[in-house]
$ cat input.cif   # mmCIF, C-alpha atoms
data_coords
loop_
_atom_site.label_atom_id
_atom_site.label_comp_id
_atom_site.auth_asym_id
_atom_site.auth_seq_id
_atom_site.Cartn_x
_atom_site.Cartn_y
_atom_site.Cartn_z
CA MET A 369 0.00 0.00 0.00
CA PRO A 370 1.25 3.49 -0.74
CA SER A 371 1.76 5.87 2.12
CA ASP A 372 -0.51 8.87 2.66
CA ILE A 373 1.13 10.95 -0.01
CA GLU A 374 2.95 9.81 -3.11
CA THR A 375 5.21 12.29 -4.86
CA PHE A 376 6.60 12.36 -8.39
CA GLU A 377 9.22 14.86 -9.45
CA ASN A 378 9.73 16.40 -12.89
CA ILE A 379 6.18 16.09 -14.07
CA PHE A 380 4.66 18.44 -16.62
CA LEU A 381 1.04 19.57 -16.37
CA ASP A 382 -0.88 19.98 -19.62
CA LEU A 383 2.31 20.16 -21.66
CA SER A 384 3.79 22.93 -19.55
CA ARG A 385 7.29 24.01 -20.50
CA THR A 386 8.67 23.62 -17.01
CA PRO A 387 8.21 20.64 -14.73
CA GLY A 388 6.80 20.51 -11.26
CA ARG A 389 6.13 18.15 -8.38
CA PHE A 390 3.04 16.01 -8.66
CA ARG A 391 1.34 14.47 -5.65
CA PHE A 392 -1.38 11.96 -4.98
CA ALA A 393 -3.20 12.10 -1.67
CA PRO A 394 -6.45 10.46 -0.62
CA SER A 395 -8.28 13.80 -0.82
CA GLY A 396 -7.06 14.62 -4.33
CA MET A 397 -4.01 15.54 -6.39
CA GLY A 398 -1.81 18.55 -6.76
CA TRP A 399 0.94 19.89 -8.97
CA ARG A 400 3.40 22.52 -7.88
CA PRO A 401 5.70 24.14 -10.43
CA THR A 402 9.08 25.58 -9.45
CA SER A 403 7.44 28.95 -9.63
CA GLY A 404 3.88 29.86 -10.41
CA GLU A 405 0.44 28.70 -9.51
CA ILE A 406 -0.33 25.46 -7.77
CA TRP A 407 -2.84 23.23 -9.47
CA LYS A 408 -5.23 21.09 -7.43
CA MET A 409 -7.94 18.60 -8.09
CA ALA A 410 -10.35 17.02 -5.62
CA ASN A 411 -10.66 13.24 -5.55
CA THR A 412 -14.30 13.46 -6.65
CA GLU A 413 -13.22 14.94 -10.01
CA LEU A 414 -11.47 11.86 -11.28
CA SER A 415 -13.42 9.71 -13.66
CA THR A 416 -10.98 7.50 -15.57
CA ALA A 417 -7.23 7.35 -16.17
CA GLN A 418 -4.93 6.19 -18.94
CA TRP A 419 -1.22 5.47 -19.11
CA SER A 420 0.74 5.67 -22.33
CA ARG A 421 4.00 6.57 -24.00
CA ALA A 422 4.32 10.29 -24.53
CA ALA A 423 6.94 12.46 -26.15
CA ARG A 424 8.24 13.34 -22.69
CA GLY A 425 8.50 9.96 -21.03
CA TYR A 426 5.18 8.45 -20.06
CA GLU A 427 1.86 10.17 -19.70
CA LEU A 428 -0.90 9.88 -17.17
CA LYS A 429 -4.07 11.19 -18.73
CA LEU A 430 -6.92 12.00 -16.40
CA PHE A 431 -10.48 12.27 -17.55
CA THR A 432 -12.29 14.47 -15.09
CA ARG A 433 -15.89 15.29 -14.37
CA THR A 434 -15.75 19.05 -14.82
CA MET A 435 -12.12 19.93 -15.55
CA GLY A 436 -11.80 18.28 -18.96
CA ILE A 437 -8.77 16.22 -19.84
CA VAL A 438 -5.71 16.67 -17.66
CA GLN A 439 -2.41 15.54 -19.11
CA LEU A 440 0.58 14.78 -16.93
CA ASP A 441 3.74 13.71 -18.67
CA GLY A 442 7.35 13.17 -17.76
CA PHE A 443 6.76 9.95 -15.84
CA GLU A 444 9.24 7.12 -16.12
CA LEU A 445 8.28 3.60 -17.02
CA ASP A 446 9.23 2.52 -13.51
CA ASP A 447 6.60 4.87 -12.07
CA LEU A 448 3.80 2.83 -13.55
CA ASP A 449 3.25 0.49 -10.60
CA ARG A 450 3.25 3.30 -8.08
CA VAL A 451 0.82 5.42 -10.12
CA LYS A 452 -1.44 2.45 -10.64
CA GLU A 453 -1.43 1.64 -6.95
CA CYS A 454 -2.24 5.23 -5.94
CA LEU A 455 -5.16 5.51 -8.30
CA LYS A 456 -6.57 2.27 -7.06
CA ALA A 457 -6.01 2.80 -3.37
CA TYR A 458 -7.03 6.46 -3.17
CA TYR A 459 -9.70 6.81 -5.82
CA LYS A 460 -10.68 3.27 -6.79
CA VAL A 461 -9.82 4.02 -10.39
CA ASN A 462 -8.19 1.48 -12.67
CA LEU A 463 -5.32 2.68 -14.79
CA GLU A 464 -5.89 1.71 -18.38
CA HIS A 465 -2.76 1.04 -20.40
CA ARG A 466 -3.13 2.55 -23.84
CA GLU A 467 -0.68 1.58 -26.54
CA HIS A 468 -0.19 3.83 -29.52
CA ALA A 469 0.37 3.05 -33.16
CA LEU A 470 3.93 3.65 -34.34
CA LYS A 471 3.58 2.36 -37.86
CA GLY A 472 3.95 5.75 -39.48
CA TRP A 473 0.83 5.39 -41.61
CA ASN A 474 -1.36 8.37 -42.38
CA TRP A 475 -4.52 6.39 -42.94
CA GLY A 476 -6.87 4.95 -40.37
CA LYS A 477 -10.09 5.95 -38.77
CA ALA A 478 -10.96 9.15 -36.98
CA GLU A 479 -13.19 8.31 -34.03
CA PHE A 480 -14.92 10.45 -31.48
CA SER A 481 -15.18 9.89 -27.77
CA LYS A 482 -16.78 12.15 -25.20
CA SER A 483 -13.92 14.61 -24.94
CA GLU A 484 -11.48 13.90 -27.72
CA LEU A 485 -11.03 12.85 -31.28
CA TYR A 486 -8.61 10.03 -31.81
CA PHE A 487 -7.07 8.73 -34.98
CA ASN A 488 -6.80 4.96 -35.07
CA VAL A 489 -4.15 3.30 -37.19
CA ALA A 490 -4.56 -0.47 -37.46
CA ASN A 491 -6.80 -0.44 -34.39
CA LYS A 492 -4.44 1.50 -32.18
CA PRO A 493 -4.67 5.23 -31.56
CA ALA A 494 -1.90 7.22 -33.23
CA PHE A 495 -2.86 10.49 -31.54
CA GLU A 496 -5.69 12.25 -29.79
CA ILE A 497 -7.06 15.75 -30.14
CA PRO A 498 -8.92 17.12 -27.12
CA PHE A 499 -12.00 18.95 -28.35
CA ALA A 500 -11.16 21.81 -26.01
CA GLU A 501 -8.08 22.55 -28.12
CA VAL A 502 -9.97 22.94 -31.37
CA SER A 503 -10.67 26.55 -32.23
CA ASN A 504 -12.37 25.98 -35.54
CA SER A 505 -13.12 23.27 -38.03
CA ASN A 506 -14.60 23.41 -41.47
CA LEU A 507 -15.15 21.57 -44.68
CA ALA A 508 -12.18 22.81 -46.65
CA GLY A 509 -13.02 21.00 -49.82
CA LYS A 510 -14.71 17.94 -51.14
CA ASN A 511 -13.94 15.19 -48.63
CA GLU A 512 -11.55 17.43 -46.76
CA VAL A 513 -12.01 18.56 -43.18
CA ALA A 514 -9.72 21.21 -41.71
CA VAL A 515 -9.26 21.40 -37.95
CA GLU A 516 -7.65 24.52 -36.52
CA PHE A 517 -6.06 24.90 -33.11
CA ALA A 518 -5.90 27.84 -30.74
CA THR A 519 -2.51 29.48 -31.09
CA ALA A 520 -3.11 33.16 -31.70
CA ASP A 521 -2.86 34.32 -28.12
CA VAL A 522 0.84 33.86 -27.60
CA ALA A 523 1.83 35.22 -31.00
CA ALA A 524 3.26 38.42 -29.62
CA GLY A 525 5.36 36.71 -26.99
CA GLY A 526 7.20 34.44 -29.39
CA ALA A 527 8.64 31.08 -28.58
CA GLY A 528 10.54 32.33 -25.59
CA GLY A 529 7.30 33.30 -23.89
CA THR A 530 7.25 33.91 -20.19
CA ASP A 531 4.73 31.29 -19.26
CA GLU A 532 6.30 29.22 -16.57
CA ALA A 533 3.59 26.89 -15.47
CA GLY A 534 2.09 26.32 -18.88
CA ASN A 535 -0.72 28.32 -20.28
CA LYS A 536 -4.18 28.09 -18.93
CA LYS A 537 -6.43 25.40 -20.23
CA LYS A 538 -7.31 25.21 -23.90
CA LYS A 539 -3.92 26.36 -25.04
CA LYS A 540 -1.86 23.22 -24.96
CA ALA A 541 -0.99 23.67 -28.62
CA ALA A 542 0.03 27.27 -28.12
CA ALA A 543 2.37 26.41 -25.27
CA GLN A 544 4.63 24.43 -27.54
CA LEU A 545 7.75 25.51 -29.40
CA ASP A 546 6.54 23.84 -32.53
CA GLN A 547 2.89 24.73 -32.51
CA LEU A 548 0.35 22.67 -34.33
CA VAL A 549 -1.78 25.17 -36.22
CA GLU A 550 -3.92 23.06 -38.48
CA MET A 551 -4.61 19.48 -39.41
CA ARG A 552 -6.52 18.36 -42.47
CA PHE A 553 -8.25 15.05 -42.92
CA TYR A 554 -9.47 13.28 -45.99
CA VAL A 555 -12.82 11.71 -45.24
CA PRO A 556 -14.36 9.53 -47.95
CA GLY A 557 -17.62 10.72 -49.41
CA THR A 558 -20.80 10.07 -47.57
CA VAL A 559 -22.69 11.66 -50.42
CA LYS A 560 -25.02 9.23 -52.14
CA LYS A 561 -24.61 8.57 -55.81
CA GLY A 562 -26.45 11.10 -57.88
CA GLU A 563 -26.33 13.79 -55.25
CA GLU A 564 -22.70 14.40 -55.82
CA ASP A 565 -23.07 16.91 -58.62
CA ALA A 566 -25.84 18.85 -56.95
CA VAL F 352 -11.89 -15.13 -61.32
CA GLY F 353 -12.19 -13.79 -57.81
CA ASP F 354 -14.24 -10.74 -57.04
CA GLY F 355 -12.68 -8.75 -59.84
CA LYS F 356 -11.05 -6.35 -57.43
CA GLY F 357 -7.68 -7.96 -57.88
CA LYS F 358 -6.04 -7.58 -54.53
CA LYS F 359 -2.71 -5.99 -55.15
CA ALA F 360 0.18 -6.78 -52.91
CA ILE F 361 0.72 -3.63 -50.92
CA LYS F 362 4.09 -2.57 -49.79
CA ARG F 363 3.93 -2.50 -46.04
CA PHE F 364 6.21 -0.10 -44.34
CA GLU F 365 6.48 0.47 -40.66
CA SER F 366 8.27 3.28 -38.88
CA TYR F 367 8.70 1.65 -35.48
CA LYS F 368 7.67 -1.57 -33.88
CA ARG F 369 8.31 -0.66 -30.27
CA GLU F 370 8.07 2.47 -28.19
CA ASN F 371 11.72 2.35 -27.21
CA GLN F 372 12.78 2.72 -30.83
CA LEU F 373 11.61 6.32 -30.90
CA PRO F 374 14.54 8.74 -30.90
CA LEU F 375 15.19 10.35 -27.51
CA SER F 376 14.92 13.82 -29.02
CA VAL F 377 11.12 13.51 -29.25
CA ALA F 378 11.15 14.57 -25.59
CA ASP F 379 11.72 18.18 -26.67
CA LEU F 380 8.22 18.26 -28.18
CA LYS F 381 9.67 19.45 -31.46
CA ILE F 382 9.46 18.00 -34.94
CA VAL F 383 12.10 15.32 -35.43
CA VAL F 384 13.36 13.99 -38.75
CA ASP F 385 14.66 10.46 -38.22
CA ALA F 386 16.51 9.51 -41.40
CA LYS F 387 17.46 6.14 -39.99
CA SER F 388 13.83 5.10 -39.83
CA GLN F 389 12.81 7.19 -42.85
CA THR F 390 10.28 8.90 -40.63
CA ILE F 391 9.13 12.30 -39.47
CA ILE F 392 7.92 12.47 -35.90
CA VAL F 393 5.62 15.31 -34.99
CA PRO F 394 4.31 16.25 -31.55
CA VAL F 395 0.51 16.13 -31.36
CA PHE F 396 -0.65 17.20 -27.92
CA GLY F 397 2.30 15.57 -26.26
CA ARG F 398 2.24 12.42 -28.33
CA PRO F 399 5.14 11.56 -30.62
CA VAL F 400 3.41 10.72 -33.89
CA PRO F 401 5.48 9.09 -36.65
CA PHE F 402 4.78 9.47 -40.34
CA HIS F 403 6.81 7.32 -42.69
CA ILE F 404 8.39 9.08 -45.66
CA ALA F 405 6.33 6.89 -48.00
CA THR F 406 3.15 8.65 -46.78
CA LEU F 407 4.60 12.06 -47.51
CA LYS F 408 3.73 14.10 -50.56
CA ASN F 409 5.76 17.24 -49.94
CA ALA F 410 6.75 19.83 -47.38
CA SER F 411 6.98 23.58 -47.72
CA LYS F 412 7.56 26.57 -45.51
CA THR F 413 6.49 30.17 -45.47
CA ASP F 414 7.64 33.02 -43.27
CA GLU F 415 5.10 35.37 -41.77
CA GLY F 416 6.43 37.98 -39.42
CA ASP F 417 8.29 36.24 -36.61
CA TRP F 418 6.84 32.88 -37.50
CA THR F 419 7.90 30.18 -39.88
CA TYR F 420 5.03 27.97 -40.99
CA LEU F 421 5.81 24.45 -42.06
CA ARG F 422 3.19 22.58 -44.01
CA ILE F 423 3.53 18.85 -44.48
CA ASN F 424 1.26 17.29 -47.10
CA PHE F 425 0.60 13.57 -47.13
CA LEU F 426 -0.58 11.28 -49.88
CA SER F 427 -4.30 10.68 -49.83
CA PRO F 428 -6.99 9.77 -52.34
CA GLY F 429 -8.39 12.30 -54.75
CA GLN F 430 -5.28 14.39 -55.20
CA GLY F 431 -4.62 13.41 -58.77
CA VAL F 432 -1.21 12.07 -57.96
CA GLY F 433 -1.57 8.73 -59.65
CA ARG F 434 0.52 6.57 -57.41
CA LYS F 435 -2.27 4.35 -56.25
CA ASP F 436 0.01 1.41 -55.65
CA ASP F 437 1.81 3.28 -52.93
CA LEU F 438 -0.99 3.40 -50.44
CA PRO F 439 -3.54 0.85 -49.35
CA PHE F 440 -6.57 2.36 -50.96
CA GLU F 441 -8.24 -1.01 -50.74
CA ASP F 442 -10.17 0.21 -47.71
CA PRO F 443 -12.61 2.69 -49.20
CA ASN F 444 -13.65 3.86 -45.76
CA ALA F 445 -10.22 4.81 -44.52
CA HIS F 446 -9.66 8.34 -43.34
CA PHE F 447 -6.36 10.05 -44.06
CA VAL F 448 -4.32 12.71 -42.40
CA ARG F 449 -3.89 14.94 -45.40
CA SER F 450 -1.81 17.76 -44.05
CA LEU F 451 -0.25 19.21 -40.92
CA THR F 452 0.74 22.81 -40.40
CA TYR F 453 3.15 23.77 -37.64
CA ARG F 454 4.62 27.11 -36.81
CA SER F 455 7.59 28.20 -34.77
CA THR F 456 9.66 31.29 -34.14
CA ASP F 457 12.73 29.09 -34.31
CA ASN F 458 12.99 30.01 -37.99
CA ASP F 459 16.37 28.47 -38.78
CA ARG F 460 15.44 25.15 -37.31
CA MET F 461 12.14 25.11 -39.20
CA ALA F 462 14.06 25.78 -42.41
CA GLU F 463 16.42 22.92 -41.56
CA ILE F 464 13.55 20.55 -40.84
CA CYS F 465 11.88 21.48 -44.11
CA ALA F 466 15.09 20.88 -46.05
CA ALA F 467 15.71 17.59 -44.23
CA ILE F 468 12.21 16.37 -45.07
CA GLN F 469 12.61 17.35 -48.72
CA ASP F 470 15.98 15.58 -48.90
CA MET F 471 14.62 12.46 -47.31
CA LYS F 472 11.71 12.45 -49.75
CA LYS F 473 13.97 13.02 -52.74
CA ASN F 474 16.19 10.12 -51.72
CA ALA F 475 13.22 7.87 -51.06
CA VAL F 476 11.78 8.61 -54.51
CA LYS F 477 15.15 7.99 -56.11
CA ARG F 478 15.57 4.68 -54.35
CA GLU F 479 12.07 3.66 -55.34
CA GLN F 480 12.76 4.48 -58.99
CA GLU F 481 15.97 2.48 -58.90
CA ARG F 482 14.10 -0.42 -57.37
CA LYS F 483 11.47 -0.30 -60.10
CA GLU F 484 14.11 -0.15 -62.81
CA MET F 485 15.78 -3.19 -61.35
CA GLU F 486 12.51 -5.08 -61.53
CA ASP F 487 12.00 -4.32 -65.23
#

$ encode --input "input.cif" --output "structure tokens"
Amino acid sequence: MPSDIETFENIFLDLSRTPGRFRFAPSGMGWRPTSGEIWKMANTELSTAQWSRAARGYELKLFTRTMGIVQLDGFELDDLDRVKECLKAYYKVNLEHREHALKGWNWGKAEFSKSELYFNVANKPAFEIPFAEVSNSNLAGKNEVAVEFATADVAAGGAGGTDEAGNKKKKKAAAQLDQLVEMRFYVPGTVKKGEEDA
Amino acid sequence: VGDGKGKKAIKRFESYKRENQLPLSVADLKIVVDAKSQTIIVPVFGRPVPFHIATLKNASKTDEGDWTYLRINFLSPGQGVGRKDDLPFEDPNAHFVRSLTYRSTDNDRMAEICAAIQDMKKNAVKREQERKEMED
């Protein structure tokens, strides 16, 4: 059994640029950056949790009741057992291990869940897009859907922006050095034959 | 004579088989060009997402103010590039990632990435042509 508080160092909250200390306690969780605002979440918020390989080490993704998707990355593979144990002991939540596609294919199936879009390649997700990050989407052409992401707000600051603890929610894309601005999908026609020329 | 669709043998390529094959530099959450695996790895909300060079159509960059925009176009149906044998269009319901646009104020690096992608593509096309000539 874990003790009353379990601590993990060098964890990033919602793709923040600087790491902080992440803690599990029976009453909830908290993240404290080296400088900046402390983030907290009550135990009643947690709905489900996933573990997977991220760019920065491993990621614990929390699906919450009212706070959207919370992403914590920077975990090491060895942390898995401890994280799993905490979630189970404190919140009675099972940690789902999610493996991602690494095939390098650009075709698959875009699927929608409650809070994110995920692109499945050979039945494994290749990536996910939280709906909260989408600023706009439109039909850019026949069978083409363009999805735009919120980035405008940090334009003036440039890449060396001052945000220490990561931007507020909904700006995960904007917090990055290489910012994803737009993604376009080809979606095969759902138009019935005969209607196509209308 | 079968169903008339004539299942063509599709060239299967695969960027990585295991997570630990990803280059360590993906941790910087920047675009990585991994020539060894003939793959571009882009960060998508913290996930390292590989795209094999064979899926790539082209890459281009534009400068706007402080920003350099990098657009990566992938092969997908309905583009008029008649290389149908290169992608598994046998699944008519498949969705495709058609393009990605990134921007960065790290202009020099974006220019380098763009050039590296173009080089990798050029070499891949060349190798493919050589392979086809050998077969003839």

$ atom_distance --input "input.cif" --atom1 "atom CA of A:Leu381" --atom2 "atom CA of A:Met551"
23.7 Å

$ closest_residue --input "input.cif" --among "F:Thr413, F:Thr406, F:Gln480, F:Gln372" --to "chain A" --atoms "only C-alpha atoms"
F:Thr406

$ atom_distance --input "input.cif" --atom1 "atom CA of A:Thr402" --atom2 "atom CA of A:Tyr426"
20.5 Å

$ closest_residue --input "input.cif" --among "F:Asp457, F:Glu481, F:Asp385, F:Glu415" --to "chain A" --atoms "only C-alpha atoms"
F:Asp457

$ resolve_selection --input "input.cif" --expression "the PyMOL selection byres ((chain F) within 9 of (chain A))" --output "PyMOL selection string"
chain F and resi 364-370+373+375-382+390-407+417-418+420+425-429+438-439+443-457+461

$ resolve_selection --input "input.cif" --expression "the PyMOL selection byres ((chain A and resi 483) around 7)" --output "PyMOL selection string"
chain A and resi 481-482+484+498-499

$ resolve_selection --input "input.cif" --expression "the PyMOL selection byres ((chain F and resi 472-476) around 12)" --output "PyMOL selection string"
chain F and resi 384+386-391+403-410+423-425+434+437+465-471+477-483

$ atom_distance --input "input.cif" --atom1 "atom CA of A:Ala490" --atom2 "atom CA of A:Leu445"
24.5 Å

$ axis_aligned_box --input "input.cif" --around "stretch 400-414 of chain F" --padding-each-side "3 Å" --output "AutoDock Vina command-line options"
--center_x 5.8 --center_y 20.0 --center_z -42.2 --size_x 11.2 --size_y 32.1 --size_z 22.7

$ decode --input "input.cif" --residues "stretch 374-424 of chain F" --atoms "C-alpha atoms" --output "PDB file, in the first residue's frame"
ATOM      1  CA  PRO F 374      14.537   8.744 -30.896  1.00  0.00           C
ATOM      2  CA  LEU F 375      15.194  10.346 -27.511  1.00  0.00           C
ATOM      3  CA  SER F 376      14.923  13.816 -29.019  1.00  0.00           C
ATOM      4  CA  VAL F 377      11.124  13.515 -29.248  1.00  0.00           C
ATOM      5  CA  ALA F 378      11.146  14.572 -25.590  1.00  0.00           C
ATOM      6  CA  ASP F 379      11.718  18.177 -26.673  1.00  0.00           C
ATOM      7  CA  LEU F 380       8.222  18.261 -28.176  1.00  0.00           C
ATOM      8  CA  LYS F 381       9.669  19.451 -31.458  1.00  0.00           C
ATOM      9  CA  ILE F 382       9.458  18.001 -34.936  1.00  0.00           C
ATOM     10  CA  VAL F 383      12.099  15.318 -35.434  1.00  0.00           C
ATOM     11  CA  VAL F 384      13.364  13.990 -38.753  1.00  0.00           C
ATOM     12  CA  ASP F 385      14.663  10.460 -38.224  1.00  0.00           C
ATOM     13  CA  ALA F 386      16.509   9.513 -41.397  1.00  0.00           C
ATOM     14  CA  LYS F 387      17.457   6.137 -39.986  1.00  0.00           C
ATOM     15  CA  SER F 388      13.826   5.100 -39.829  1.00  0.00           C
ATOM     16  CA  GLN F 389      12.805   7.189 -42.853  1.00  0.00           C
ATOM     17  CA  THR F 390      10.284   8.895 -40.628  1.00  0.00           C
ATOM     18  CA  ILE F 391       9.132  12.302 -39.474  1.00  0.00           C
ATOM     19  CA  ILE F 392       7.915  12.466 -35.898  1.00  0.00           C
ATOM     20  CA  VAL F 393       5.617  15.315 -34.989  1.00  0.00           C
ATOM     21  CA  PRO F 394       4.305  16.255 -31.554  1.00  0.00           C
ATOM     22  CA  VAL F 395       0.508  16.130 -31.362  1.00  0.00           C
ATOM     23  CA  PHE F 396      -0.654  17.205 -27.915  1.00  0.00           C
ATOM     24  CA  GLY F 397       2.301  15.566 -26.258  1.00  0.00           C
ATOM     25  CA  ARG F 398       2.241  12.415 -28.329  1.00  0.00           C
ATOM     26  CA  PRO F 399       5.145  11.563 -30.620  1.00  0.00           C
ATOM     27  CA  VAL F 400       3.408  10.716 -33.891  1.00  0.00           C
ATOM     28  CA  PRO F 401       5.481   9.087 -36.646  1.00  0.00           C
ATOM     29  CA  PHE F 402       4.785   9.475 -40.339  1.00  0.00           C
ATOM     30  CA  HIS F 403       6.807   7.321 -42.694  1.00  0.00           C
ATOM     31  CA  ILE F 404       8.389   9.083 -45.658  1.00  0.00           C
ATOM     32  CA  ALA F 405       6.328   6.895 -47.997  1.00  0.00           C
ATOM     33  CA  THR F 406       3.153   8.651 -46.778  1.00  0.00           C
ATOM     34  CA  LEU F 407       4.599  12.061 -47.509  1.00  0.00           C
ATOM     35  CA  LYS F 408       3.734  14.099 -50.564  1.00  0.00           C
ATOM     36  CA  ASN F 409       5.758  17.241 -49.940  1.00  0.00           C
ATOM     37  CA  ALA F 410       6.753  19.830 -47.378  1.00  0.00           C
ATOM     38  CA  SER F 411       6.977  23.577 -47.721  1.00  0.00           C
ATOM     39  CA  LYS F 412       7.562  26.568 -45.512  1.00  0.00           C
ATOM     40  CA  THR F 413       6.487  30.165 -45.465  1.00  0.00           C
ATOM     41  CA  ASP F 414       7.644  33.019 -43.271  1.00  0.00           C
ATOM     42  CA  GLU F 415       5.100  35.369 -41.773  1.00  0.00           C
ATOM     43  CA  GLY F 416       6.433  37.979 -39.424  1.00  0.00           C
ATOM     44  CA  ASP F 417       8.289  36.242 -36.607  1.00  0.00           C
ATOM     45  CA  TRP F 418       6.842  32.884 -37.501  1.00  0.00           C
ATOM     46  CA  THR F 419       7.904  30.185 -39.878  1.00  0.00           C
ATOM     47  CA  TYR F 420       5.033  27.973 -40.986  1.00  0.00           C
ATOM     48  CA  LEU F 421       5.815  24.453 -42.060  1.00  0.00           C
ATOM     49  CA  ARG F 422       3.193  22.580 -44.007  1.00  0.00           C
ATOM     50  CA  ILE F 423       3.534  18.855 -44.484  1.00  0.00           C
ATOM     51  CA  ASN F 424       1.262  17.285 -47.101  1.00  0.00           C
TER      52      ASN F 424
END
